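K.L.:
Sending over my_file.txt (compact mmCIF, C-alpha atoms).
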# COMPACT_ATOMS: atom_id res chain seq x y z
CA MET Z 28 -0.36 22.03 -16.23
CA LEU Z 29 -3.69 20.21 -16.40
CA ALA Z 30 -5.41 23.28 -17.84
CA SER Z 31 -2.78 23.37 -20.58
CA LEU Z 32 -3.54 19.71 -21.29
CA GLY Z 33 -7.29 20.34 -21.60
CA ASP Z 34 -8.18 19.26 -18.05
CA PRO Z 35 -8.15 15.49 -18.73
CA GLN Z 36 -9.08 14.80 -15.08
CA GLY Z 37 -12.59 15.99 -15.92
CA THR Z 38 -13.17 13.29 -18.54
CA PHE Z 39 -13.63 10.37 -16.14
CA GLU Z 40 -15.24 9.66 -12.78
CA VAL Z 41 -12.78 9.65 -9.88
CA PHE Z 42 -12.73 7.47 -6.77
CA HIS Z 43 -10.32 9.41 -4.51
CA ILE Z 44 -8.68 7.51 -1.64
CA GLY Z 45 -6.56 8.80 1.23
CA GLY Z 46 -5.29 7.37 4.51
CA THR Z 47 -2.14 6.52 6.41
CA ASN Z 48 -2.16 2.78 5.72
CA GLY Z 49 -4.30 0.62 3.48
CA LYS Z 50 -5.23 3.19 0.84
CA GLY Z 51 -3.35 1.31 -1.87
CA SER Z 52 -5.13 -1.94 -1.07
CA VAL Z 53 -8.49 -0.13 -1.03
CA ALA Z 54 -7.64 1.30 -4.44
CA ALA Z 55 -6.61 -2.07 -5.90
CA ILE Z 56 -9.82 -3.70 -4.68
CA ALA Z 57 -12.01 -0.87 -5.98
CA GLU Z 58 -10.25 -1.03 -9.36
CA ALA Z 59 -10.88 -4.78 -9.65
CA VAL Z 60 -14.62 -4.24 -9.17
CA ILE Z 61 -15.20 -1.18 -11.37
CA GLY Z 62 -12.90 -2.63 -14.00
CA ARG Z 63 -15.67 -5.12 -14.74
CA GLN Z 64 -18.10 -2.27 -15.32
CA GLY Z 65 -16.03 -0.37 -17.89
CA LEU Z 66 -12.49 0.71 -18.71
CA ALA Z 67 -10.81 1.62 -15.42
CA GLY Z 68 -7.58 3.34 -14.49
CA LEU Z 69 -5.59 3.17 -11.27
CA TYR Z 70 -3.06 5.76 -10.10
CA THR Z 71 -0.97 4.85 -7.05
CA SER Z 72 2.41 5.64 -5.56
CA PRO Z 73 5.19 4.85 -5.08
CA HIS Z 74 6.04 2.12 -7.55
CA LEU Z 75 7.98 -0.97 -6.53
CA SER Z 76 10.12 -1.71 -9.58
CA ASP Z 77 8.93 0.27 -12.60
CA PHE Z 78 7.38 3.72 -12.95
CA ALA Z 79 4.61 2.32 -15.19
CA GLU Z 80 3.20 0.44 -12.17
CA ARG Z 81 1.86 3.78 -10.91
CA ILE Z 82 -0.49 4.14 -13.88
CA ARG Z 83 -2.62 1.07 -14.58
CA ILE Z 84 -5.20 0.83 -17.32
CA ALA Z 85 -7.47 -2.22 -17.62
CA GLY Z 86 -5.52 -3.86 -14.79
CA ARG Z 87 -2.07 -3.61 -16.36
CA PRO Z 88 0.75 -1.03 -16.19
CA VAL Z 89 0.44 1.68 -18.82
CA SER Z 90 2.04 0.76 -22.13
CA ALA Z 91 5.45 2.20 -22.93
CA GLU Z 92 4.05 3.76 -26.12
CA LEU Z 93 1.24 5.66 -24.35
CA LEU Z 94 3.51 6.63 -21.46
CA GLU Z 95 6.18 8.12 -23.72
CA ARG Z 96 3.63 9.87 -25.93
CA CYS Z 97 1.97 11.54 -22.93
CA ALA Z 98 5.32 12.32 -21.33
CA GLY Z 99 6.26 14.23 -24.47
CA ARG Z 100 3.33 16.58 -23.87
CA VAL Z 101 3.83 16.87 -20.11
CA ARG Z 102 7.60 17.38 -20.05
CA PRO Z 103 7.61 20.99 -21.38
CA LEU Z 104 4.94 21.93 -18.83
CA VAL Z 105 7.00 20.42 -16.02
CA GLU Z 106 9.96 22.54 -17.07
CA ARG Z 107 7.79 25.65 -17.46
CA GLU Z 108 6.19 25.30 -14.02
CA GLY Z 109 9.15 23.85 -12.12
CA ALA Z 110 6.88 21.01 -11.07
CA THR Z 111 7.82 18.36 -8.54
CA TYR Z 112 8.25 14.72 -9.53
CA PHE Z 113 4.87 13.80 -8.04
CA GLU Z 114 3.09 16.72 -9.66
CA ALA Z 115 4.55 15.68 -13.01
CA ALA Z 116 3.56 12.04 -12.47
CA THR Z 117 0.00 13.05 -11.53
CA ALA Z 118 -0.45 15.18 -14.63
CA LEU Z 119 1.00 12.35 -16.71
CA ALA Z 120 -1.40 9.80 -15.18
CA PHE Z 121 -4.49 11.93 -15.78
CA LEU Z 122 -3.44 12.64 -19.36
CA ALA Z 123 -2.85 8.94 -19.99
CA PHE Z 124 -6.28 8.08 -18.60
CA GLY Z 125 -7.89 10.72 -20.80
CA GLU Z 126 -6.03 9.56 -23.90
CA ALA Z 127 -6.99 5.92 -23.25
CA GLY Z 128 -10.68 6.77 -22.80
CA VAL Z 129 -10.83 5.58 -19.20
CA ARG Z 130 -14.38 5.67 -17.78
CA ASP Z 131 -13.43 5.52 -14.08
CA ALA Z 132 -10.16 6.26 -12.32
CA VAL Z 133 -9.23 5.13 -8.84
CA VAL Z 134 -6.78 7.72 -7.54
CA GLU Z 135 -4.65 7.20 -4.42
CA VAL Z 136 -3.47 10.25 -2.50
CA GLY Z 137 0.31 10.53 -2.47
CA LEU Z 138 0.84 12.28 0.87
CA GLY Z 139 -1.68 13.76 3.29
CA GLY Z 140 -4.55 15.06 1.20
CA ARG Z 141 -5.26 18.76 1.55
CA LEU Z 142 -2.15 19.87 -0.36
CA ASP Z 143 -1.61 16.67 -2.36
CA ALA Z 144 -1.29 17.04 -6.13
CA THR Z 145 -4.16 14.57 -6.65
CA ASN Z 146 -6.51 16.93 -4.82
CA VAL Z 147 -7.26 18.80 -8.05
CA VAL Z 148 -9.92 16.19 -8.90
CA ASP Z 149 -13.68 16.60 -8.57
CA PRO Z 150 -14.42 13.09 -7.31
CA ARG Z 151 -17.56 10.98 -7.48
CA VAL Z 152 -16.76 9.63 -4.02
CA CYS Z 153 -13.91 9.88 -1.47
CA ALA Z 154 -12.50 7.52 1.13
CA ILE Z 155 -10.18 7.76 4.10
CA ALA Z 156 -8.98 4.27 4.89
CA SER Z 157 -7.13 4.97 8.14
CA VAL Z 158 -5.41 7.68 10.15
CA GLY Z 159 -2.15 7.14 12.05
CA LEU Z 160 1.06 8.96 12.82
CA ASP Z 161 3.36 9.07 9.80
CA HIS Z 162 5.04 11.86 7.84
CA GLN Z 163 4.71 14.06 10.94
CA GLU Z 164 7.19 16.55 9.51
CA TYR Z 165 4.52 17.41 6.91
CA LEU Z 166 1.19 16.47 8.49
CA GLY Z 167 1.47 17.29 12.20
CA ASP Z 168 2.30 15.56 15.45
CA THR Z 169 -1.19 14.59 16.64
CA LEU Z 170 -3.88 12.35 15.18
CA GLY Z 171 -6.17 15.36 14.97
CA GLU Z 172 -3.67 17.33 12.90
CA VAL Z 173 -3.02 14.38 10.58
CA ALA Z 174 -6.76 13.76 10.24
CA ALA Z 175 -7.36 17.38 9.25
CA GLU Z 176 -4.85 16.99 6.40
CA LYS Z 177 -6.42 13.70 5.28
CA ALA Z 178 -9.91 15.27 5.42
CA GLY Z 179 -8.70 17.89 2.96
CA ILE Z 180 -9.79 15.60 0.10
CA LEU Z 181 -13.45 15.84 1.15
CA LYS Z 182 -15.53 18.04 -1.16
CA PRO Z 183 -18.91 19.78 -0.74
CA GLY Z 184 -21.71 17.27 -1.23
CA VAL Z 185 -19.37 14.44 -2.25
CA PRO Z 186 -20.02 11.25 -0.23
CA ALA Z 187 -17.21 9.72 1.78
CA ALA Z 188 -16.38 6.21 3.03
CA LEU Z 189 -14.45 6.10 6.29
CA GLY Z 190 -12.52 3.22 7.79
CA THR Z 191 -12.30 2.59 11.52
CA LEU Z 192 -10.55 5.79 12.63
CA PRO Z 193 -9.14 6.52 16.12
CA GLY Z 194 -11.42 8.68 18.26
CA GLU Z 195 -9.69 12.04 17.79
CA ALA Z 196 -9.25 11.45 14.06
CA ALA Z 197 -12.87 10.33 13.63
CA ARG Z 198 -14.17 13.47 15.31
CA VAL Z 199 -12.11 15.73 13.04
CA VAL Z 200 -13.06 13.94 9.81
CA LEU Z 201 -16.77 13.64 10.65
CA ALA Z 202 -16.93 17.30 11.66
CA ARG Z 203 -15.42 18.27 8.31
CA ALA Z 204 -17.89 16.04 6.46
CA ARG Z 205 -20.81 17.69 8.27
CA VAL Z 206 -19.57 21.18 7.34
CA LEU Z 207 -19.35 20.10 3.68
CA GLY Z 208 -22.69 18.31 3.66
CA SER Z 209 -21.04 15.02 2.71
CA LYS Z 210 -22.93 11.80 3.30
CA THR Z 211 -20.72 9.29 5.12
CA LEU Z 212 -20.59 5.56 5.59
CA VAL Z 213 -18.42 4.59 8.55
CA LEU Z 214 -16.96 1.14 9.13
CA GLY Z 215 -18.20 -0.11 12.48
CA ARG Z 216 -21.11 2.33 12.56
CA ASP Z 217 -22.96 1.78 9.28
CA VAL Z 218 -21.08 -1.22 7.93
CA ARG Z 219 -19.99 -4.40 9.68
CA ILE Z 220 -17.38 -7.06 8.97
CA ASP Z 221 -17.50 -10.34 10.90
CA ASP Z 222 -16.05 -13.84 10.87
CA VAL Z 223 -12.65 -12.72 9.58
CA SER Z 224 -10.29 -15.60 8.85
CA VAL Z 225 -6.90 -15.63 7.16
CA ASP Z 226 -5.16 -18.55 5.50
CA ALA Z 227 -2.22 -18.98 3.17
CA SER Z 228 -4.11 -17.79 0.09
CA GLY Z 229 -6.42 -15.01 1.23
CA THR Z 230 -8.81 -13.43 3.72
CA THR Z 231 -12.45 -14.44 4.19
CA PHE Z 232 -15.07 -12.34 5.97
CA THR Z 233 -18.75 -11.50 6.15
CA TYR Z 234 -19.70 -8.02 4.93
CA ALA Z 235 -22.97 -6.34 5.90
CA CYS Z 236 -24.00 -2.85 4.75
CA PRO Z 237 -27.17 -0.87 3.95
CA ALA Z 238 -27.29 -2.42 0.48
CA LEU Z 239 -26.60 -5.94 1.82
CA PRO Z 240 -28.22 -5.90 5.30
CA GLY Z 241 -28.24 -9.68 5.62
CA GLY Z 242 -24.50 -9.85 5.03
CA VAL Z 243 -22.57 -11.72 2.38
CA LEU Z 244 -19.56 -14.03 2.65
CA LEU Z 245 -16.62 -12.71 0.62
CA ARG Z 246 -12.98 -13.55 0.03
CA VAL Z 247 -10.11 -11.35 -1.15
CA PRO Z 248 -6.72 -12.80 -2.21
CA LEU Z 249 -4.84 -10.38 0.05
CA LEU Z 250 -3.60 -11.66 3.39
CA GLY Z 251 -4.34 -10.09 6.76
CA GLY Z 252 -7.25 -9.17 8.98
CA HIS Z 253 -6.67 -5.54 7.98
CA GLN Z 254 -7.43 -6.47 4.38
CA ALA Z 255 -11.02 -7.26 5.33
CA SER Z 256 -11.29 -3.66 6.58
CA ASN Z 257 -9.65 -2.34 3.41
CA ALA Z 258 -12.08 -4.33 1.27
CA ALA Z 259 -14.98 -2.95 3.30
CA VAL Z 260 -13.87 0.64 2.63
CA ALA Z 261 -13.70 -0.12 -1.10
CA PHE Z 262 -17.20 -1.60 -1.05
CA MET Z 263 -18.52 1.42 0.88
CA MET Z 264 -17.17 3.70 -1.84
CA LEU Z 265 -18.89 1.63 -4.49
CA GLU Z 266 -22.18 1.71 -2.59
CA LEU Z 267 -22.02 5.49 -2.16
CA ALA Z 268 -21.35 5.82 -5.90
CA GLY Z 269 -24.23 3.50 -6.77
CA ARG Z 270 -21.76 1.00 -8.23
CA LEU Z 271 -21.81 -1.92 -5.75
CA PRO Z 272 -22.58 -5.05 -7.80
CA ALA Z 273 -24.54 -8.11 -6.77
CA ALA Z 274 -22.78 -10.53 -4.44
CA LYS Z 275 -22.03 -13.02 -7.24
CA ASP Z 276 -20.37 -10.36 -9.41
CA LEU Z 277 -18.52 -8.96 -6.40
CA ARG Z 278 -17.04 -12.37 -5.61
CA GLY Z 279 -15.93 -12.80 -9.21
CA ALA Z 280 -14.23 -9.41 -9.29
CA LEU Z 281 -12.38 -10.00 -6.03
CA LYS Z 282 -10.65 -13.04 -7.48
CA GLU Z 283 -8.78 -10.66 -9.80
CA VAL Z 284 -7.32 -8.43 -7.07
CA CYS Z 285 -3.53 -8.25 -7.22
CA TRP Z 286 -1.48 -5.91 -5.07
CA PRO Z 287 2.22 -6.87 -4.98
CA GLY Z 288 4.36 -6.22 -1.93
CA ARG Z 289 1.52 -6.51 0.58
CA PHE Z 290 2.21 -9.76 2.42
CA GLU Z 291 3.21 -11.17 -0.94
CA ARG Z 292 4.06 -14.85 -0.51
CA LEU Z 293 6.53 -16.60 -2.79
CA PRO Z 294 6.71 -20.32 -2.03
CA GLY Z 295 9.86 -21.94 -3.34
CA GLY Z 296 11.94 -25.05 -3.12
CA ASP Z 297 14.62 -23.17 -1.20
CA GLY Z 298 12.13 -21.94 1.39
CA ASP Z 299 9.39 -19.32 1.35
CA TRP Z 300 9.65 -15.55 0.93
CA ILE Z 301 7.23 -12.90 2.18
CA LEU Z 302 7.48 -9.32 0.92
CA ASP Z 303 5.66 -6.55 2.78
CA VAL Z 304 6.02 -2.78 2.42
CA ALA Z 305 5.25 -2.12 6.11
CA HIS Z 306 6.98 1.21 6.78
CA ASN Z 307 5.47 2.53 10.01
CA PRO Z 308 4.48 1.05 13.38
CA ASP Z 309 0.82 0.44 12.51
CA ALA Z 310 1.81 -1.41 9.35
CA ALA Z 311 4.43 -3.38 11.28
CA ARG Z 312 1.74 -4.47 13.76
CA ALA Z 313 -0.46 -5.59 10.87
CA LEU Z 314 2.45 -7.59 9.44
CA ALA Z 315 3.17 -9.24 12.79
CA ASP Z 316 -0.52 -10.09 13.23
CA THR Z 317 -0.74 -11.62 9.76
CA LEU Z 318 2.36 -13.72 10.42
CA ARG Z 319 0.66 -15.01 13.56
CA ARG Z 320 -2.52 -15.86 11.66
CA VAL Z 321 -0.83 -17.49 8.66
CA ASP Z 322 1.93 -19.24 10.68
CA PRO Z 323 4.49 -19.67 7.85
CA VAL Z 324 7.28 -22.24 7.93
CA ARG Z 325 9.85 -21.39 10.59
CA PRO Z 326 12.37 -20.08 11.36
CA LEU Z 327 11.35 -16.55 10.41
CA VAL Z 328 14.27 -14.37 9.33
CA PHE Z 329 13.60 -10.70 8.60
CA VAL Z 330 15.46 -8.53 6.13
CA ILE Z 331 14.68 -4.94 7.17
CA ALA Z 332 15.58 -1.59 5.62
CA VAL Z 333 13.86 1.60 6.76
CA LEU Z 334 14.09 5.27 5.85
CA ARG Z 335 15.85 7.40 8.45
CA ARG Z 336 12.81 9.62 9.17
CA LYS Z 337 10.51 6.72 9.99
CA ALA Z 338 9.78 5.39 13.48
CA TRP Z 339 12.18 2.53 12.93
CA ARG Z 340 12.89 1.88 16.61
CA GLU Z 341 9.26 1.06 17.31
CA MET Z 342 9.09 -0.97 14.11
CA LEU Z 343 12.09 -3.05 15.20
CA ARG Z 344 10.51 -3.66 18.60
CA ILE Z 345 7.32 -4.90 16.94
CA LEU Z 346 8.97 -7.11 14.33
CA ALA Z 347 11.46 -8.57 16.81
CA GLY Z 348 8.48 -10.32 18.41
CA PRO Z 349 7.97 -13.02 15.75
CA ALA Z 350 11.56 -12.98 14.42
CA HIS Z 351 14.12 -15.72 14.91
CA ALA Z 352 16.77 -13.50 13.31
CA ILE Z 353 16.96 -10.04 11.76
CA VAL Z 354 19.31 -8.91 9.00
CA LEU Z 355 19.56 -5.11 8.83
CA THR Z 356 20.38 -3.66 5.43
CA THR Z 357 19.78 -0.76 3.04
CA ALA Z 358 17.94 -0.62 -0.27
CA PRO Z 359 19.79 0.50 -3.42
CA SER Z 360 16.84 2.71 -4.37
CA HIS Z 361 16.71 4.58 -1.04
CA PRO Z 362 17.09 8.31 -1.86
CA PRO Z 363 20.57 9.65 -1.05
CA GLY Z 364 20.78 10.64 2.59
CA ALA Z 365 17.36 9.14 3.40
CA ALA Z 366 18.45 5.65 4.43
CA TRP Z 367 18.78 4.81 8.09
CA ASN Z 368 22.15 4.57 9.82
CA LEU Z 369 22.96 0.87 9.98
CA ASP Z 370 25.36 1.20 12.91
CA GLU Z 371 22.75 3.05 14.95
CA ALA Z 372 20.05 0.53 14.02
CA ALA Z 373 22.35 -2.38 14.89
CA ARG Z 374 23.19 -0.92 18.31
CA PHE Z 375 19.51 -0.47 19.06
CA GLY Z 376 18.59 -3.93 17.80
CA ARG Z 377 21.35 -5.69 19.69
CA SER Z 378 20.68 -3.88 22.94
CA ALA Z 379 17.56 -5.97 23.46
CA ALA Z 380 18.46 -9.14 21.54
CA GLY Z 381 20.99 -11.93 21.50
CA ALA Z 382 23.10 -10.68 18.63
CA ASP Z 383 25.12 -13.86 18.32
CA ALA Z 384 22.57 -16.39 19.55
CA PRO Z 385 22.32 -19.37 17.20
CA ILE Z 386 19.06 -20.65 15.71
CA VAL Z 387 18.71 -24.28 16.78
CA ALA Z 388 16.13 -26.59 15.15
CA GLY Z 389 14.07 -23.60 14.04
CA ARG Z 390 13.60 -22.30 17.59
CA ARG Z 391 13.83 -18.62 18.44
CA PRO Z 392 16.87 -17.82 20.63
CA PRO Z 393 15.69 -17.36 24.25
CA THR Z 394 17.37 -13.94 24.50
CA GLY Z 395 15.58 -12.58 21.42
CA PRO Z 396 16.29 -12.64 17.70
CA ARG Z 397 19.80 -12.83 16.35
CA VAL Z 398 20.71 -9.45 14.79
CA GLU Z 399 23.18 -9.06 11.92
CA VAL Z 400 24.12 -6.23 9.57
CA VAL Z 401 24.71 -6.82 5.85
CA ALA Z 402 24.84 -3.48 4.06
CA ARG Z 403 24.26 -4.70 0.50
CA LEU Z 404 20.71 -5.94 -0.11
CA GLU Z 405 21.55 -8.80 -2.43
CA ALA Z 406 24.04 -10.17 0.11
CA ALA Z 407 21.52 -9.58 2.91
CA LEU Z 408 18.96 -11.75 1.11
CA VAL Z 409 21.56 -14.50 0.66
CA ARG Z 410 22.51 -14.33 4.35
CA ALA Z 411 18.86 -14.39 5.44
CA ARG Z 412 18.25 -17.50 3.36
CA GLU Z 413 21.29 -19.14 4.97
CA LEU Z 414 19.89 -18.36 8.43
CA ALA Z 415 16.35 -19.44 7.54
CA GLY Z 416 17.27 -22.65 5.72
CA ASN Z 417 13.97 -24.07 4.49
CA GLY Z 418 12.08 -21.58 6.65
CA THR Z 419 10.73 -18.15 5.67
CA VAL Z 420 12.50 -14.90 4.83
CA VAL Z 421 10.40 -11.77 5.41
CA VAL Z 422 11.48 -8.58 3.60
CA ALA Z 423 9.99 -5.40 5.06
CA GLY Z 424 10.56 -1.77 6.00
CA SER Z 425 9.82 0.30 2.88
CA CYS Z 426 8.52 0.20 -0.67
CA HIS Z 427 12.16 0.68 -1.72
CA VAL Z 428 13.47 -2.51 -0.13
CA VAL Z 429 10.52 -4.57 -1.34
CA GLY Z 430 10.80 -3.21 -4.88
CA ASP Z 431 14.54 -3.84 -4.96
CA ALA Z 432 14.09 -7.34 -3.54
CA ARG Z 433 11.46 -8.10 -6.19
CA GLY Z 434 13.99 -7.09 -8.81
CA ILE Z 435 16.66 -9.35 -7.35
CA LEU Z 436 14.15 -12.22 -7.16
CA ALA Z 437 13.05 -11.46 -10.77
CA LEU Z 438 9.34 -10.87 -10.22
CA ASP Z 439 6.95 -9.24 -12.66
CA ASP Z 440 4.08 -6.92 -11.71
CA ARG Z 441 1.85 -9.88 -10.77
CA GLY Z 442 4.45 -11.90 -8.87
CA ALA Z 443 5.54 -14.38 -11.54
CA ARG Z 444 9.16 -15.45 -11.15
CA ASN Z 445 12.02 -15.96 -13.62
CA VAL Z 446 10.76 -13.46 -16.16
CA THR Z 447 12.40 -10.82 -18.33
CA ARG Z 448 11.69 -7.54 -16.57
CA ARG Z 449 11.26 -4.15 -18.21
CA SER Z 450 13.75 -1.49 -17.32
CA SER Z 451 12.39 1.49 -15.42
CA SER Z 452 10.82 4.25 -17.50
CA THR Z 453 12.88 7.36 -18.12
CA ALA Z 454 9.82 9.56 -18.71
CA PHE Z 455 11.10 12.03 -16.07
Would you put the structure from the file into structure tokens?
P.N.:
Amino acid sequence: MLASLGDPQGTFEVFHIGGTNGKGSVAAIAEAVIGRQGLAGLYTSPHLSDFAERIRIAGRPVSAELLERCAGRVRPLVEREGATYFEAATALAFLAFGEAGVRDAVVEVGLGGRLDATNVVDPRVCAIASVGLDHQEYLGDTLGEVAAEKAGILKPGVPAALGTLPGEAARVVLARARVLGSKTLVLGRDVRIDDVSVDASGTTFTYACPALPGGVLLRVPLLGGHQASNAAVAFMMLELAGRLPAAKDLRGALKEVCWPGRFERLPGGDGDWILDVAHNPDAARALADTLRRVDPVRPLVFVIAVLRRKAWREMLRILAGPAHAIVLTTAPSHPPGAAWNLDEAARFGRSAAGADAPIVAGRRPPTGPRVEVVARLEAALVRARELAGNGTVVVAGSCHVVGDARGILALDDRGARNVTRRSSSTAF
């Protein structure tokens, strides 16, 4: 398909990012920095509310006019090749970047790496943000197997930035990099982050690397200790590409970072909301840790919807820790047959919790969080607000439930409320 389109992916420099968790945040941070150096594009997946969110140019979702014009050229090729949805979206993104004259494109891997549709690029630099167990049905059952799939984005002689990877995964990725002759920067080995602190509006940390050996104090408006690590991976990519700006310019760029659905806080007169796409155990742990650090207004009531194939039992165990109550639900946009079984989830949740325990004066029930089932998401959000009162409702479990909740709460792509929202694109 790309050859038929004139290979648009060869008209811009590519920053290619893979990983189990955090790769989207790494991509958003990298885009904010290189976007100050020239016209930048960002391709990520999945979207939360609108397909155009996947393809950003100059920091904003692709225009409807450009999207439809490019889709008109891609659609016949999709039909000719019998392409998948993601293959079609990837070709569409690269064509849109080429048509817009993008100088640099930050490209997030969709799934795995080795066989991912984005792996057609010849990148300037690669990154692997993290390696954990997820999508085992496609990537393997061990960290080593998953790491080998992630390392499939590495290319001969192309430098690579690596986050803090578990031992087995680190050995696999570094061995692959040595075979390919790829220079690596590794978080914790070559680059250091210290003095990490999280408050209600962002994450502050000190970053030290070969280009900044004395360290520099930085702040990113994304919440969570893990976001300091994600920012570090983005900076390592920029250093390897020769694009890391001076500390003053770096600080200015970071103020522009926006990545909805990642511990996205929505203060309101009726109580606060937090939206987080945590969809596997590692991400659930990061969410629980960030809640501990930020300490939002209590009680904390979770609205959770998870895909059936995910490790939802472990996720529920983790998120039950900080929860005063949990409302189990499904997301309207969950693919047919992919949503979890609410009855099964409720039985599991109630087996270790006080299903009918009341919340008194914001205190967590001594037997564990109250567990309820409300199948329809809009009603689940209403019930969670009733249980939380002026406390905090946390929506988590998948990109689907967060995207659907953002629609119900009427949020735009940068988190503004009470706006007129675009309808989803019908490009494919």
K.L.:
Of the candidates Z:Val354, Z:Val409, Z:Ala332, Z:Ala123, which one gets nearest to Z:His427 if we count only C-alpha atoms?
P.N.:
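Among the listed residues, the smallest separation from Z:His427 belongs to Z:Ala332.
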K.L.:
Hey, what's within 9 Å of stretch 148-154 of chain Z if we count only C-alpha atoms and toss same-chain stuff fewer than 5 positions away? As a ChimeraX atom specification, please?
P.N.:
/Z:36-37,40-46,50,53,180-182,185-190,260-261,263-265,267-268
K.L.:
Given all atoms listed in the file as the basis, pick out the residue of Z:Thr357, Z:Ser90, Z:Ser76, Z:Thr230 nearest to Z:Arg433.
P.N.:
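Checking each candidate against Z:Arg433, we get Z:Ser76 as the closest.
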K.L.:
Identify which of the residues Z:Pro349, Z:Phe78, Z:Val134, Z:Leu318 lies closest to Z:Arg292, counting only C-alpha atoms when measuring atom-to-atom distances.
P.N.:
Z:Leu318
K.L.:
Smallest atom-to-atom distance to Z:Thr231: which of Z:Val213, Z:Leu334, Z:Ala255, Z:Ala415, using all atoms listed in the file?
P.N.:
Z:Ala255
K.L.:
Ranking Z:Arg325, Z:Arg198, Z:Arg130, Z:His74 by minimum distance to Z:Glu58 and counting all atoms listed in the file, which one comes first?
P.N.:
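The closest residue to Z:Glu58 is Z:Arg130.
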K.L.:
Using all atoms listed in the file, find the one residue out of Z:Gly62, Z:Gly68, Z:Gly125, Z:Pro363 that sits nearest to Z:Leu281.
P.N.:
Z:Gly62
K.L.:
Neighbours of Z:Glu283 within 10 Å (all atoms listed in the file; same-chain residues fewer than 2 positions away dropped), as a compact mmCIF listing (two decimals) with C-alpha atoms, in the frame of the given file?
P.N.:
# COMPACT_ATOMS: atom_id res chain seq x y z
CA ALA Z 55 -6.61 -2.07 -5.90
CA ILE Z 56 -9.82 -3.70 -4.68
CA GLU Z 58 -10.25 -1.03 -9.36
CA ALA Z 59 -10.88 -4.78 -9.65
CA VAL Z 60 -14.62 -4.24 -9.17
CA GLY Z 62 -12.90 -2.63 -14.00
CA GLY Z 86 -5.52 -3.86 -14.79
CA VAL Z 247 -10.11 -11.35 -1.15
CA PRO Z 248 -6.72 -12.80 -2.21
CA ARG Z 278 -17.04 -12.37 -5.61
CA GLY Z 279 -15.93 -12.80 -9.21
CA ALA Z 280 -14.23 -9.41 -9.29
CA LEU Z 281 -12.38 -10.00 -6.03
CA CYS Z 285 -3.53 -8.25 -7.22
CA TRP Z 286 -1.48 -5.91 -5.07
K.L.:
Can you work out the spacing between atom CA of Z:Ala411 and atom CA of Z:Arg340 in Å, to one decimal?
P.N.:
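Distance reported for this atom pair: 20.6 Å.
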K.L.:
Expressed in Å to a single decimal, how great is the separation between atom CA of Z:Gly33 and atom CA of Z:Ala79?
P.N.:
22.5 Å
K.L.:
Could you tell me how far atom CA of Z:Val158 lies from atom CA of Z:Phe290, in Å and to one decimal?
P.N.:
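Between atom CA of Z:Val158 and atom CA of Z:Phe290 the gap works out to 20.5 Å.
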K.L.:
Excluding Z:Val328 and its own-chain neighbours fewer than 5 positions away, which residues fall within 9 Å of it when counting all atoms listed in the file? Please give them as a list in words.
P.N.:
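Within the cut-off, the hits are Ala350, His351, Ala352, Ile353, Val354, Pro396, Ala411, Arg412, Leu414, Ala415, Gly418, Thr419, Val420, Val421 and Val422 of chain Z.
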K.L.:
Kindly save the residues from that selection, with C-alpha atoms included, as an mmCIF file, keeping the file's coordinate frame.
P.N.:
data_model
loop_
_atom_site.group_PDB
_atom_site.id
_atom_site.type_symbol
_atom_site.label_atom_id
_atom_site.label_comp_id
_atom_site.auth_asym_id
_atom_site.auth_seq_id
_atom_site.Cartn_x
_atom_site.Cartn_y
_atom_site.Cartn_z
ATOM 1 C CA ALA Z 350 11.560 -12.980 14.420
ATOM 2 C CA HIS Z 351 14.120 -15.720 14.910
ATOM 3 C CA ALA Z 352 16.770 -13.500 13.310
ATOM 4 C CA ILE Z 353 16.960 -10.040 11.760
ATOM 5 C CA VAL Z 354 19.310 -8.910 9.000
ATOM 6 C CA PRO Z 396 16.290 -12.640 17.700
ATOM 7 C CA ALA Z 411 18.860 -14.390 5.440
ATOM 8 C CA ARG Z 412 18.250 -17.500 3.360
ATOM 9 C CA LEU Z 414 19.890 -18.360 8.430
ATOM 10 C CA ALA Z 415 16.350 -19.440 7.540
ATOM 11 C CA GLY Z 418 12.080 -21.580 6.650
ATOM 12 C CA THR Z 419 10.730 -18.150 5.670
ATOM 13 C CA VAL Z 420 12.500 -14.900 4.830
ATOM 14 C CA VAL Z 421 10.400 -11.770 5.410
ATOM 15 C CA VAL Z 422 11.480 -8.580 3.600
#
K.L.:
If we count only C-alpha atoms and set the cut-off at 8 Å, which residues sit around Z:Ala315, ignoring sequence neighbours fewer than 6 positions away in its own chain? Please answer as a ChimeraX atom specification.
P.N.:
/Z:345-346,348-349
K.L.:
Find the spatial neighbours of stretch 98-114 of chain Z, counting all atoms listed in the file, within a cut-off of 6 Å - ignore same-chain residues fewer than 3 positions away - and output them as a ChimeraX atom specification.
P.N.:
/Z:28,94-95,117,144,454
